[in-house]
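Encoded as structure tokens, the structure appears first; notes follow it.
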Amino acid sequence: MICAVKQRIDVQADTLQSALGKKAYNYSLSYKSLHKLEKIVNSQYDIRTNALQFIFGKKNTFKGFDHNNISRLIKDLQVIKPEMSNPAMDNKIDGWINKAQVMLDHKVQAQEKIKNLTAEEANWLVIHKGSNAFIYKHEDFVIKKQKNINEISAQHEVAMCNKYNHAHGREAEALYKRNLIQMPYIENKGALTTHDIQKAVVKMAEKGFFMADARPSNFVKTTKGEVVPVDFRLVYTNRDLNNLDAKIQKEIVNAYVNVGYRCIPAALKGAYRMHIAQIDKHLKQDSPLRYVNTMLTSRASVKHI
Ligand SMILES: Nc1ncnc2c1ncn2[C@@H]1O[C@H](COP(=O)(O)OP(=O)(O)OP(=O)(O)O)[C@@H](O)[C@H]1O
Ligand SMILES: [Mg+2]
């Protein structure tokens with residue numbers, strides 16, 4: 001029931017309907033009221049702040065959200081809207097409904113895309129299910145389908161794979177298409193040790209390639225017994241380092257500090273440390289080293305300047 005008396009929203013006691021009822025005669029909403037509404041919607045519909053900030057117009061983008069929760073919110077707003085006593089509030093609620101609808105449409109489109117791929121994928125063999133990606137084998141290729149694909153990172157991964165293969169006299173066949181990365185398949189012949197990875201890292205460095213997340217799952221042992229990289233996401237060359245996208249630079253630093261440094265042989269640690277220092281200097285205030293726990297930085301022998 002809409003109440004005509006102007007009242008304050010009570011985050012603990014109000015529902016979305018009663019809170020909006022208190023503002024039914026308002027011609028605008030203060031920042032404070034909007035913030036309170038955000039809190040109420042967050043707990044009543046279990047919608048994350050990030051998504052709510054999109055709906056309430058504070059942000060232009062949104063991340064993950066639950067389809068059902070947003071649908072519920074839309075439905076309730078549609079019921080509440082006719083109870084508003086002035087066009088200003090009516091318009092406001094309309095705007096929120098439209099924004100929430102944009103989110104739902106976006107999700108439907110994304111699901112359609114995945115659906116289209118599924119028929120094709122039925123012929124692909126899943127060879128790895130990672131936390132962030134599915135790796136399929138299809139003919140002589142692997143196809144990497146990442147959950148949250150970033151186009152710049154994907155293009156970097158493809159470019160590095162091609163550069164690496166080119167440097168080894170192989171065809172540059174990796175490509176990025178329709179949110180998928182395609183790379184030559186390498187038959188995997190056996191388990192890897194840290195020592196294998198160290199030797200592979202040395203061989204890579206001989207050709208000018210470095211790998212920030214050097215660990216067994218990012219390499220395979222070929223039928224000839226050679227250990228080669230298969231994950232080029234955080235592979236870089238000395239010359240590219242400063243020109244890399246900041247997101248990739250940050251990932252390089254984080255990966256090296258958290259895991260990568262362990263598989264780097266002593267003879268190469270100096271070079272890697274120099275690269276991390278170079279990125280740190282380049283990113284200045286944005287360098288991840290500013291925030292990394294000192295226990296980790298001292299273990300990896302790097303520090304923020
Ligand atoms: N080109 C390839 N040829 C053969 N196997 C591959 C290839 N690329 C990836 N794989 C297989 O998939 C696994 C994971 O690959 P990759 O590291 O690229 O994916 P990821 O999503 O980063 O997974 P993780 O987080 O486990 O490293 C590899 O350990 C390997 O077994
Ligand atoms: Mg990997």
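The chains in the structure tokens are called A, B, ... from first to last as shown; in each chain the residues are counted from 1, and the ligands are counted from 1 in the order shown.
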Who sits within 8 Å of stretch 50-55 of chain A, only C-alpha atoms, same chain under 2 positions skipped, as a list in words: Glu38, Val41, Asn42, Ile47, Arg48, Gly57, Lys58, Lys59, Asn60, Thr61, Phe62, Lys63, Gly64, Phe65, Trp96, Ile97, Lys99 and Ala100 of chain A
Expected file contents, prior selection, N, CA and C atoms, as a JSON list (two decimals), in the first residue's frame:
```
[["chain", "number", "residue", "atom", "x", "y", "z"],
["A", 38, "GLU", "N", 19.23, 0.15, -2.96],
["A", 38, "GLU", "CA", 20.19, -0.85, -3.44],
["A", 38, "GLU", "C", 20.35, -1.95, -2.40],
["A", 41, "VAL", "N", 17.13, -4.12, -2.23],
["A", 41, "VAL", "CA", 16.99, -5.01, -3.38],
["A", 41, "VAL", "C", 18.04, -6.12, -3.29],
["A", 42, "ASN", "N", 19.22, -5.74, -2.82],
["A", 42, "ASN", "CA", 20.30, -6.73, -2.68],
["A", 42, "ASN", "C", 19.87, -7.87, -1.77],
["A", 47, "ILE", "N", 20.48, -9.81, -5.48],
["A", 47, "ILE", "CA", 21.14, -9.30, -6.69],
["A", 47, "ILE", "C", 22.38, -8.54, -6.25],
["A", 48, "ARG", "N", 23.51, -8.86, -6.89],
["A", 48, "ARG", "CA", 24.77, -8.26, -6.47],
["A", 48, "ARG", "C", 24.83, -6.75, -6.74],
["A", 57, "GLY", "N", 21.53, 2.93, -12.61],
["A", 57, "GLY", "CA", 22.18, 3.96, -13.43],
["A", 57, "GLY", "C", 23.50, 4.49, -12.92],
["A", 58, "LYS", "N", 24.10, 3.82, -11.92],
["A", 58, "LYS", "CA", 25.39, 4.32, -11.42],
["A", 58, "LYS", "C", 26.55, 3.81, -12.27],
["A", 59, "LYS", "N", 26.31, 2.71, -12.98],
["A", 59, "LYS", "CA", 27.38, 2.11, -13.79],
["A", 59, "LYS", "C", 26.83, 1.76, -15.17],
["A", 60, "ASN", "N", 27.75, 1.73, -16.15],
["A", 60, "ASN", "CA", 27.30, 1.42, -17.51],
["A", 60, "ASN", "C", 27.47, -0.06, -17.86],
["A", 61, "THR", "N", 28.13, -0.80, -17.00],
["A", 61, "THR", "CA", 28.34, -2.21, -17.31],
["A", 61, "THR", "C", 27.88, -3.07, -16.13],
["A", 62, "PHE", "N", 27.72, -4.36, -16.38],
["A", 62, "PHE", "CA", 27.36, -5.27, -15.29],
["A", 62, "PHE", "C", 28.09, -6.58, -15.47],
["A", 63, "LYS", "N", 28.24, -7.30, -14.36],
["A", 63, "LYS", "CA", 28.86, -8.63, -14.46],
["A", 63, "LYS", "C", 27.81, -9.68, -14.16],
["A", 64, "GLY", "N", 28.21, -10.79, -13.54],
["A", 64, "GLY", "CA", 27.29, -11.91, -13.34],
["A", 64, "GLY", "C", 26.00, -11.56, -12.57],
["A", 65, "PHE", "N", 24.93, -12.24, -12.91],
["A", 65, "PHE", "CA", 23.67, -12.06, -12.17],
["A", 65, "PHE", "C", 22.82, -13.29, -12.40],
["A", 96, "TRP", "N", 14.46, 1.73, -14.59],
["A", 96, "TRP", "CA", 15.06, 0.56, -13.92],
["A", 96, "TRP", "C", 14.60, -0.74, -14.60],
["A", 97, "ILE", "N", 13.30, -0.77, -14.92],
["A", 97, "ILE", "CA", 12.76, -1.98, -15.58],
["A", 97, "ILE", "C", 13.49, -2.19, -16.92],
["A", 99, "LYS", "N", 16.46, -1.17, -17.84],
["A", 99, "LYS", "CA", 17.86, -1.59, -17.63],
["A", 99, "LYS", "C", 17.91, -3.08, -17.26],
["A", 100, "ALA", "N", 17.01, -3.49, -16.37],
["A", 100, "ALA", "CA", 17.00, -4.90, -15.95],
["A", 100, "ALA", "C", 16.68, -5.79, -17.16]]
```
Assign secondary structure with DSSP using the backbone only, and return the residues of stretch 60-246 of chain A in strand (DSSP E) as an mmCIF file with N, CA and C atoms, in the first residue's frame.
```cif
data_model
loop_
_atom_site.group_PDB
_atom_site.id
_atom_site.type_symbol
_atom_site.label_atom_id
_atom_site.label_comp_id
_atom_site.auth_asym_id
_atom_site.auth_seq_id
_atom_site.Cartn_x
_atom_site.Cartn_y
_atom_site.Cartn_z
ATOM 1 N N LEU A 125 36.255 -33.654 -28.932
ATOM 2 C CA LEU A 125 36.587 -34.487 -27.776
ATOM 3 C C LEU A 125 37.128 -33.590 -26.665
ATOM 4 N N VAL A 126 36.511 -33.677 -25.504
ATOM 5 C CA VAL A 126 37.016 -32.847 -24.395
ATOM 6 C C VAL A 126 38.312 -33.470 -23.890
ATOM 7 N N ILE A 127 39.404 -32.691 -23.898
ATOM 8 C CA ILE A 127 40.652 -33.258 -23.371
ATOM 9 C C ILE A 127 41.060 -32.631 -22.033
ATOM 10 N N HIS A 128 40.419 -31.534 -21.683
ATOM 11 C CA HIS A 128 40.753 -30.913 -20.395
ATOM 12 C C HIS A 128 39.603 -30.024 -19.953
ATOM 13 N N LYS A 129 39.239 -30.166 -18.671
ATOM 14 C CA LYS A 129 38.229 -29.260 -18.118
ATOM 15 C C LYS A 129 38.909 -28.454 -17.034
ATOM 16 N N ALA A 133 38.357 -22.898 -18.431
ATOM 17 C CA ALA A 133 38.264 -23.241 -19.850
ATOM 18 C C ALA A 133 38.025 -24.718 -20.085
ATOM 19 N N PHE A 134 37.389 -24.988 -21.222
ATOM 20 C CA PHE A 134 37.277 -26.352 -21.722
ATOM 21 C C PHE A 134 38.245 -26.443 -22.889
ATOM 22 N N ILE A 135 39.013 -27.523 -22.940
ATOM 23 C CA ILE A 135 39.916 -27.710 -24.079
ATOM 24 C C ILE A 135 39.414 -28.924 -24.858
ATOM 25 N N TYR A 136 39.151 -28.722 -26.135
ATOM 26 C CA TYR A 136 38.650 -29.799 -26.992
ATOM 27 C C TYR A 136 39.705 -30.168 -28.024
ATOM 28 N N LYS A 137 39.603 -31.408 -28.504
ATOM 29 C CA LYS A 137 40.419 -31.793 -29.663
ATOM 30 C C LYS A 137 39.462 -31.925 -30.832
ATOM 31 N N HIS A 138 39.843 -31.328 -31.942
ATOM 32 C CA HIS A 138 39.017 -31.419 -33.147
ATOM 33 C C HIS A 138 39.982 -31.509 -34.326
ATOM 34 N N PHE A 141 43.602 -30.039 -34.285
ATOM 35 C CA PHE A 141 43.670 -28.820 -33.476
ATOM 36 C C PHE A 141 43.111 -29.017 -32.072
ATOM 37 N N VAL A 142 43.519 -28.122 -31.187
ATOM 38 C CA VAL A 142 42.789 -28.026 -29.926
ATOM 39 C C VAL A 142 41.978 -26.743 -30.026
ATOM 40 N N ILE A 143 40.817 -26.764 -29.407
ATOM 41 C CA ILE A 143 39.981 -25.569 -29.366
ATOM 42 C C ILE A 143 39.774 -25.224 -27.903
ATOM 43 N N LYS A 144 40.118 -24.012 -27.570
ATOM 44 C CA LYS A 144 39.982 -23.577 -26.177
ATOM 45 C C LYS A 144 38.769 -22.678 -26.074
ATOM 46 N N LYS A 145 37.875 -23.091 -25.202
ATOM 47 C CA LYS A 145 36.671 -22.277 -24.993
ATOM 48 C C LYS A 145 36.715 -21.778 -23.562
ATOM 49 N N GLN A 146 37.006 -20.501 -23.417
ATOM 50 C CA GLN A 146 37.138 -19.941 -22.072
ATOM 51 C C GLN A 146 35.816 -19.337 -21.614
ATOM 52 N N LEU A 175 44.632 -19.502 -34.313
ATOM 53 C CA LEU A 175 43.767 -18.363 -34.642
ATOM 54 C C LEU A 175 42.677 -18.188 -33.587
ATOM 55 N N TYR A 176 42.081 -16.999 -33.630
ATOM 56 C CA TYR A 176 41.022 -16.670 -32.677
ATOM 57 C C TYR A 176 39.776 -16.320 -33.476
ATOM 58 N N LYS A 177 38.718 -17.058 -33.233
ATOM 59 C CA LYS A 177 37.498 -16.852 -34.011
ATOM 60 C C LYS A 177 36.286 -17.150 -33.140
ATOM 61 N N LEU A 180 36.619 -18.356 -29.656
ATOM 62 C CA LEU A 180 37.347 -19.608 -29.454
ATOM 63 C C LEU A 180 38.781 -19.444 -29.928
ATOM 64 N N ILE A 181 39.676 -20.137 -29.231
ATOM 65 C CA ILE A 181 41.073 -20.133 -29.659
ATOM 66 C C ILE A 181 41.353 -21.503 -30.268
ATOM 67 N N GLN A 182 41.945 -21.488 -31.432
ATOM 68 C CA GLN A 182 42.296 -22.759 -32.070
ATOM 69 C C GLN A 182 43.816 -22.832 -32.199
ATOM 70 N N MET A 183 44.389 -23.957 -31.796
ATOM 71 C CA MET A 183 45.852 -24.130 -31.858
ATOM 72 C C MET A 183 46.177 -25.528 -32.335
ATOM 73 N N PRO A 184 47.385 -25.728 -32.886
ATOM 74 C CA PRO A 184 47.748 -27.087 -33.304
ATOM 75 C C PRO A 184 47.741 -28.045 -32.109
ATOM 76 N N PHE A 209 61.783 -16.568 -25.570
ATOM 77 C CA PHE A 209 60.430 -16.650 -25.008
ATOM 78 C C PHE A 209 60.466 -16.899 -23.497
ATOM 79 N N PHE A 210 59.580 -16.243 -22.801
ATOM 80 C CA PHE A 210 59.491 -16.389 -21.343
ATOM 81 C C PHE A 210 58.056 -16.750 -20.975
ATOM 82 N N MET A 211 57.907 -17.431 -19.843
ATOM 83 C CA MET A 211 56.564 -17.870 -19.460
ATOM 84 C C MET A 211 56.324 -17.608 -17.977
ATOM 85 N N PHE A 219 52.359 -27.299 -20.146
ATOM 86 C CA PHE A 219 53.289 -27.910 -21.111
ATOM 87 C C PHE A 219 52.795 -29.314 -21.446
ATOM 88 N N VAL A 220 53.271 -29.858 -22.555
ATOM 89 C CA VAL A 220 53.071 -31.290 -22.806
ATOM 90 C C VAL A 220 54.384 -31.901 -23.282
ATOM 91 N N LYS A 221 54.489 -33.243 -23.059
ATOM 92 C CA LYS A 221 55.676 -33.962 -23.536
ATOM 93 C C LYS A 221 55.297 -34.596 -24.875
ATOM 94 N N VAL A 227 59.660 -31.337 -24.333
ATOM 95 C CA VAL A 227 58.625 -30.693 -23.505
ATOM 96 C C VAL A 227 58.347 -29.294 -24.069
ATOM 97 N N VAL A 228 57.106 -29.081 -24.472
ATOM 98 C CA VAL A 228 56.786 -27.813 -25.150
ATOM 99 C C VAL A 228 55.596 -27.101 -24.485
ATOM 100 N N PRO A 229 55.586 -25.780 -24.577
ATOM 101 C CA PRO A 229 54.454 -25.052 -23.969
ATOM 102 C C PRO A 229 53.174 -25.212 -24.786
ATOM 103 N N VAL A 235 52.835 -16.066 -22.013
ATOM 104 C CA VAL A 235 54.154 -16.140 -22.645
ATOM 105 C C VAL A 235 54.437 -14.757 -23.237
ATOM 106 N N TYR A 236 55.681 -14.339 -23.175
ATOM 107 C CA TYR A 236 56.032 -13.031 -23.730
ATOM 108 C C TYR A 236 57.468 -13.063 -24.219
ATOM 109 N N THR A 237 57.825 -12.087 -25.015
ATOM 110 C CA THR A 237 59.238 -11.932 -25.369
ATOM 111 C C THR A 237 59.686 -10.628 -24.726
#
```
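With only C-alpha atoms as the basis for measurement, A:Lys207 is the residue among A:Arg262, A:Lys207, A:His304, A:Lys147 that approaches A:Asn165 most closely.
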Nearby polymer residues, ligand 2, at most 7 Å, only C-alpha atoms and all ligand atoms, as JSON, numbers by chain: {"A": [217, 218, 231]}
Expected answer as a PyMOL selection string: helix (DSSP H, G or I) residues in stretch 55-299 of chain A: chain A and resi 55+67-83+87-121+151-167+194-206+216-218+241-243+246-258+260-263+266-286+288-290+294-299
Atom-to-atom span, atom CA of A:Ile197 and atom CA of A:His282, Å: 28.6 Å
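Using only C-alpha atoms and all ligand atoms, the nearest neighbour of ligand 1 within the list A:Asn188, A:Gln12, A:Gln44, A:Asn69 is A:Asn188.
Distance-wise, atom CA of A:Val201 and atom CA of A:Asp286 end up 28.0 Å apart.
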Non-local contacts of stretch 154-160 of chain A (6 Å; only C-alpha atoms; under 5 positions in same chain excluded) as a VMD selection string: chain A and resid 174 to 175 232 to 233
Would you export the selected residues with C-alpha atoms as a PDB file, in the first residue's frame, please?
```pdb
ATOM      1  CA  ALA A 174      46.768 -20.635 -34.257  1.00  0.00           C
ATOM      2  CA  LEU A 175      43.767 -18.363 -34.642  1.00  0.00           C
ATOM      3  CA  PHE A 232      50.676 -19.137 -24.335  1.00  0.00           C
ATOM      4  CA  ARG A 233      48.444 -16.788 -22.353  1.00  0.00           C
TER       5      ARG A 233
END
```
Counting only C-alpha atoms and all ligand atoms, the residue of A:Thr49, A:Asn132, A:Gln249, A:Asn68 that sits nearest ligand 1: A:Asn132
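The residue that comes closest to ligand 1, out of A:Gly95, A:Gly208, A:Gly190, A:Pro265 and on the basis of only C-alpha atoms and all ligand atoms, is A:Gly190.
Taking atom CA of A:Asn123 and atom CA of A:Tyr185 as endpoints, the distance between them is 15.6 Å.
Between ligand 1 and the residues A:Val259, A:Val302, A:Leu37, A:Val253, the shortest atom-to-atom distance, using only C-alpha atoms and all ligand atoms, involves A:Val259.
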